[in-house]
Amino acid sequence: MPLIAARFQWGLLGASLALLSSPALNAGFCSTRTWTLGEIANAPVLVVGRVVSLDLENGPRFTGDPKRSAVPQTMTAEVEVLRFAKQPTTTSAMPAVRIKVRFVGRDGPDFSFCPRELPELLPGRVLLLPLQSPIQTASAPWQLIGTDGHGLAMQVSAEMRVPGETAQDGRTFIIRELVNSFHHGAPLAAYSAAALVAAQGDHLEPDLTTQLQRSIGGQAAPWARVLASMVLSYPGQPSTLAGVRAGNMETDLRRFHGFPLAQTALRHLPAATAETLVWQSLMSDLSSLADEPYHPLFSYSSSFPLHSAVAYLARHSDNAVLVDAVKAALREDRAGSSFLAARLIDKGQKDCLLDALDRAMKVVRRPAANGDDLSASLRLVLEYGTEEQRRQLNSVAVGFKDANRDYAAFLQQRLAQSARRPL
């Protein structure tokens, strides 16, 4: 059991280190390569593809022990090519319908203080990949343009719904992908687009905003999605609409380039309902931002978009309409809703407590649920649950002894700690 408790503590530490690994925060401690949009745009071939499968050359090595990082190893991803752009001057081969991409990655976290940022090509993801031709023969795997660093792969939308001719140069191709992700993409694709604009918007404007305005027009809902994504990308805590409107940004504007796009999006929303439209957009996207199944308890990772969305929504804990929406999400068993409800309850909003406890008793039976949801659910049961719910939780721990010993031990450790807590 002590090992399981240690694993959980390392999980929190791993999330903290992941935050420190961002280029803006770790510059004084660690040397990390950050790929610029110019470098990505100049790749011989840009491919938007869905990762179908992932082969690990040396087999899985990460055992879950937080004292040992997952070691780098050669991986090969099979990618379904959805669309691509090729530099006019390159002699690279044309990508086939399916290609293999070989790279160096990990099958688990890196717990070192200065983790080396390696590409993550996870099955099911739709990514924009900057590639160079196979080194040996046409049948050999493709290669990324680099081995490590932030920004080598970006999540985008699978379906291209932005009208217009196929882009012939890398920068135009990237801008079109971002417009499509903002307007039509899944929530995480929109968030990824916003994160890129926040860091390197100077390379994209004014073309990005011009094309977004042409694509979205006067539709309020897509502009609310753009604005919601941008305020979540603000360094540190999410920005406020009042801050966007007033231009009062407590940050180093030299490294936050998303402010002009956030203001543009805000101007397209009715002043009286802008705040409501933004939080409604975030509530609608909450389950996708939880990003199951990629962030379970023992993955030692976290969905930063989910954390930012919850931080933004928790500011409105006294909004009865939002609280009703949270209660509905809990009753619908939506991913991320327990994490959000726990934050509201911590702020004194108890109206959603009964619904939160009902869902918590479902979530604690799912070791593969979103780790933030699971941790929040467990805490709610231990702090606010009835004696019957605590007995049920103990039965859940006993029931997992054979199926998932690590999870059973973790639950028993938390129950024991709660029992020792003074009243």
# chains A, B, ... in the order shown; residues from 1 in each chain; ligands from 1
>>> residues_around(residues="Tyr384 in chain A", least_positions_apart="5", cutoff="9 Å", atoms="only C-alpha atoms", output="list in words")
Leu353, Leu357 and Arg379 of chain A
>>> residues_around(residues="range 31-44 of chain A", least_positions_apart="3", cutoff="7 Å", atoms="only C-alpha atoms", output="PDB file with N, CA, C and O atoms, in the first residue's frame")
ATOM      1  N   PRO A  23       7.802  25.622 -22.383  1.00  0.00           N
ATOM      2  CA  PRO A  23       8.968  26.457 -22.667  1.00  0.00           C
ATOM      3  C   PRO A  23       8.984  27.737 -21.853  1.00  0.00           C
ATOM      4  O   PRO A  23      10.034  28.212 -21.451  1.00  0.00           O
ATOM      5  N   ALA A  27      12.347  27.791 -18.747  1.00  0.00           N
ATOM      6  CA  ALA A  27      13.496  28.350 -19.457  1.00  0.00           C
ATOM      7  C   ALA A  27      14.689  28.543 -18.533  1.00  0.00           C
ATOM      8  O   ALA A  27      15.838  28.401 -18.941  1.00  0.00           O
ATOM      9  N   LYS A  86       2.795  19.313 -49.816  1.00  0.00           N
ATOM     10  CA  LYS A  86       4.188  19.015 -50.145  1.00  0.00           C
ATOM     11  C   LYS A  86       4.865  20.280 -50.631  1.00  0.00           C
ATOM     12  O   LYS A  86       4.297  21.049 -51.421  1.00  0.00           O
ATOM     13  N   GLN A  87       6.069  20.519 -50.146  1.00  0.00           N
ATOM     14  CA  GLN A  87       6.814  21.682 -50.610  1.00  0.00           C
ATOM     15  C   GLN A  87       7.058  21.578 -52.113  1.00  0.00           C
ATOM     16  O   GLN A  87       7.454  20.512 -52.608  1.00  0.00           O
ATOM     17  N   THR A  90      10.527  20.230 -52.964  1.00  0.00           N
ATOM     18  CA  THR A  90      11.033  19.010 -52.357  1.00  0.00           C
ATOM     19  C   THR A  90      10.938  17.836 -53.319  1.00  0.00           C
ATOM     20  O   THR A  90      10.069  17.788 -54.191  1.00  0.00           O
ATOM     21  N   SER A  92      10.609  14.824 -52.024  1.00  0.00           N
ATOM     22  CA  SER A  92      10.030  13.774 -51.186  1.00  0.00           C
ATOM     23  C   SER A  92       8.950  13.018 -51.940  1.00  0.00           C
ATOM     24  O   SER A  92       8.247  13.573 -52.792  1.00  0.00           O
ATOM     25  N   PRO A 130       4.835  16.916 -39.327  1.00  0.00           N
ATOM     26  CA  PRO A 130       5.835  17.389 -40.283  1.00  0.00           C
ATOM     27  C   PRO A 130       6.828  16.258 -40.574  1.00  0.00           C
ATOM     28  O   PRO A 130       7.524  15.779 -39.676  1.00  0.00           O
ATOM     29  N   LEU A 131       6.902  15.850 -41.818  1.00  0.00           N
ATOM     30  CA  LEU A 131       7.662  14.647 -42.168  1.00  0.00           C
ATOM     31  C   LEU A 131       8.742  14.928 -43.192  1.00  0.00           C
ATOM     32  O   LEU A 131       8.642  15.861 -43.997  1.00  0.00           O
ATOM     33  N   GLN A 132       9.743  14.072 -43.152  1.00  0.00           N
ATOM     34  CA  GLN A 132      10.723  13.984 -44.223  1.00  0.00           C
ATOM     35  C   GLN A 132      10.621  12.603 -44.852  1.00  0.00           C
ATOM     36  O   GLN A 132      10.077  11.681 -44.253  1.00  0.00           O
ATOM     37  N   ILE A 145      10.521  15.429 -38.720  1.00  0.00           N
ATOM     38  CA  ILE A 145      11.649  16.296 -39.064  1.00  0.00           C
ATOM     39  C   ILE A 145      12.623  16.473 -37.903  1.00  0.00           C
ATOM     40  O   ILE A 145      13.709  17.021 -38.089  1.00  0.00           O
ATOM     41  N   GLY A 149      11.337  17.696 -28.657  1.00  0.00           N
ATOM     42  CA  GLY A 149      10.973  19.101 -28.538  1.00  0.00           C
ATOM     43  C   GLY A 149       9.473  19.312 -28.584  1.00  0.00           C
ATOM     44  O   GLY A 149       8.710  18.461 -29.038  1.00  0.00           O
ATOM     45  N   HIS A 150       9.037  20.464 -28.078  1.00  0.00           N
ATOM     46  CA  HIS A 150       7.624  20.823 -28.088  1.00  0.00           C
ATOM     47  C   HIS A 150       7.184  21.215 -29.500  1.00  0.00           C
ATOM     48  O   HIS A 150       7.914  21.867 -30.234  1.00  0.00           O
ATOM     49  N   GLY A 151       5.973  20.827 -29.867  1.00  0.00           N
ATOM     50  CA  GLY A 151       5.379  21.317 -31.102  1.00  0.00           C
ATOM     51  C   GLY A 151       5.628  20.489 -32.333  1.00  0.00           C
ATOM     52  O   GLY A 151       5.329  20.936 -33.437  1.00  0.00           O
ATOM     53  N   LEU A 152       6.145  19.267 -32.186  1.00  0.00           N
ATOM     54  CA  LEU A 152       6.393  18.442 -33.370  1.00  0.00           C
ATOM     55  C   LEU A 152       5.108  17.881 -33.966  1.00  0.00           C
ATOM     56  O   LEU A 152       5.039  17.617 -35.157  1.00  0.00           O
ATOM     57  N   GLY A 170       3.316  25.382 -46.865  1.00  0.00           N
ATOM     58  CA  GLY A 170       3.129  24.911 -45.507  1.00  0.00           C
ATOM     59  C   GLY A 170       2.381  25.879 -44.610  1.00  0.00           C
ATOM     60  O   GLY A 170       1.507  25.473 -43.830  1.00  0.00           O
ATOM     61  N   ARG A 171       2.703  27.169 -44.685  1.00  0.00           N
ATOM     62  CA  ARG A 171       2.046  28.143 -43.809  1.00  0.00           C
ATOM     63  C   ARG A 171       0.556  28.209 -44.105  1.00  0.00           C
ATOM     64  O   ARG A 171      -0.271  28.205 -43.177  1.00  0.00           O
TER      65      ARG A 171
END
>>> closest_residue(among="A:Leu208, A:Leu269, A:Val381, A:Val363", to="Arg414 in chain A", atoms="only C-alpha atoms")
A:Val381
>>> select_by_dssp(residues="range 310-419 of chain A", states="helix (DSSP H, G or I)", output="ChimeraX atom specification")
/A:310-314,320-331,337-346,353-363,371-384,387-399,405-419
>>> closest_residue(among="A:Leu313, A:Ile345, A:Leu306, A:Met94", to="Asp372 in chain A", atoms="only C-alpha atoms")
A:Leu306
>>> closest_residue(among="A:Tyr300, A:Tyr312, A:Phe256, A:Phe62", to="Trp279 in chain A", atoms="only C-alpha atoms")
A:Tyr312
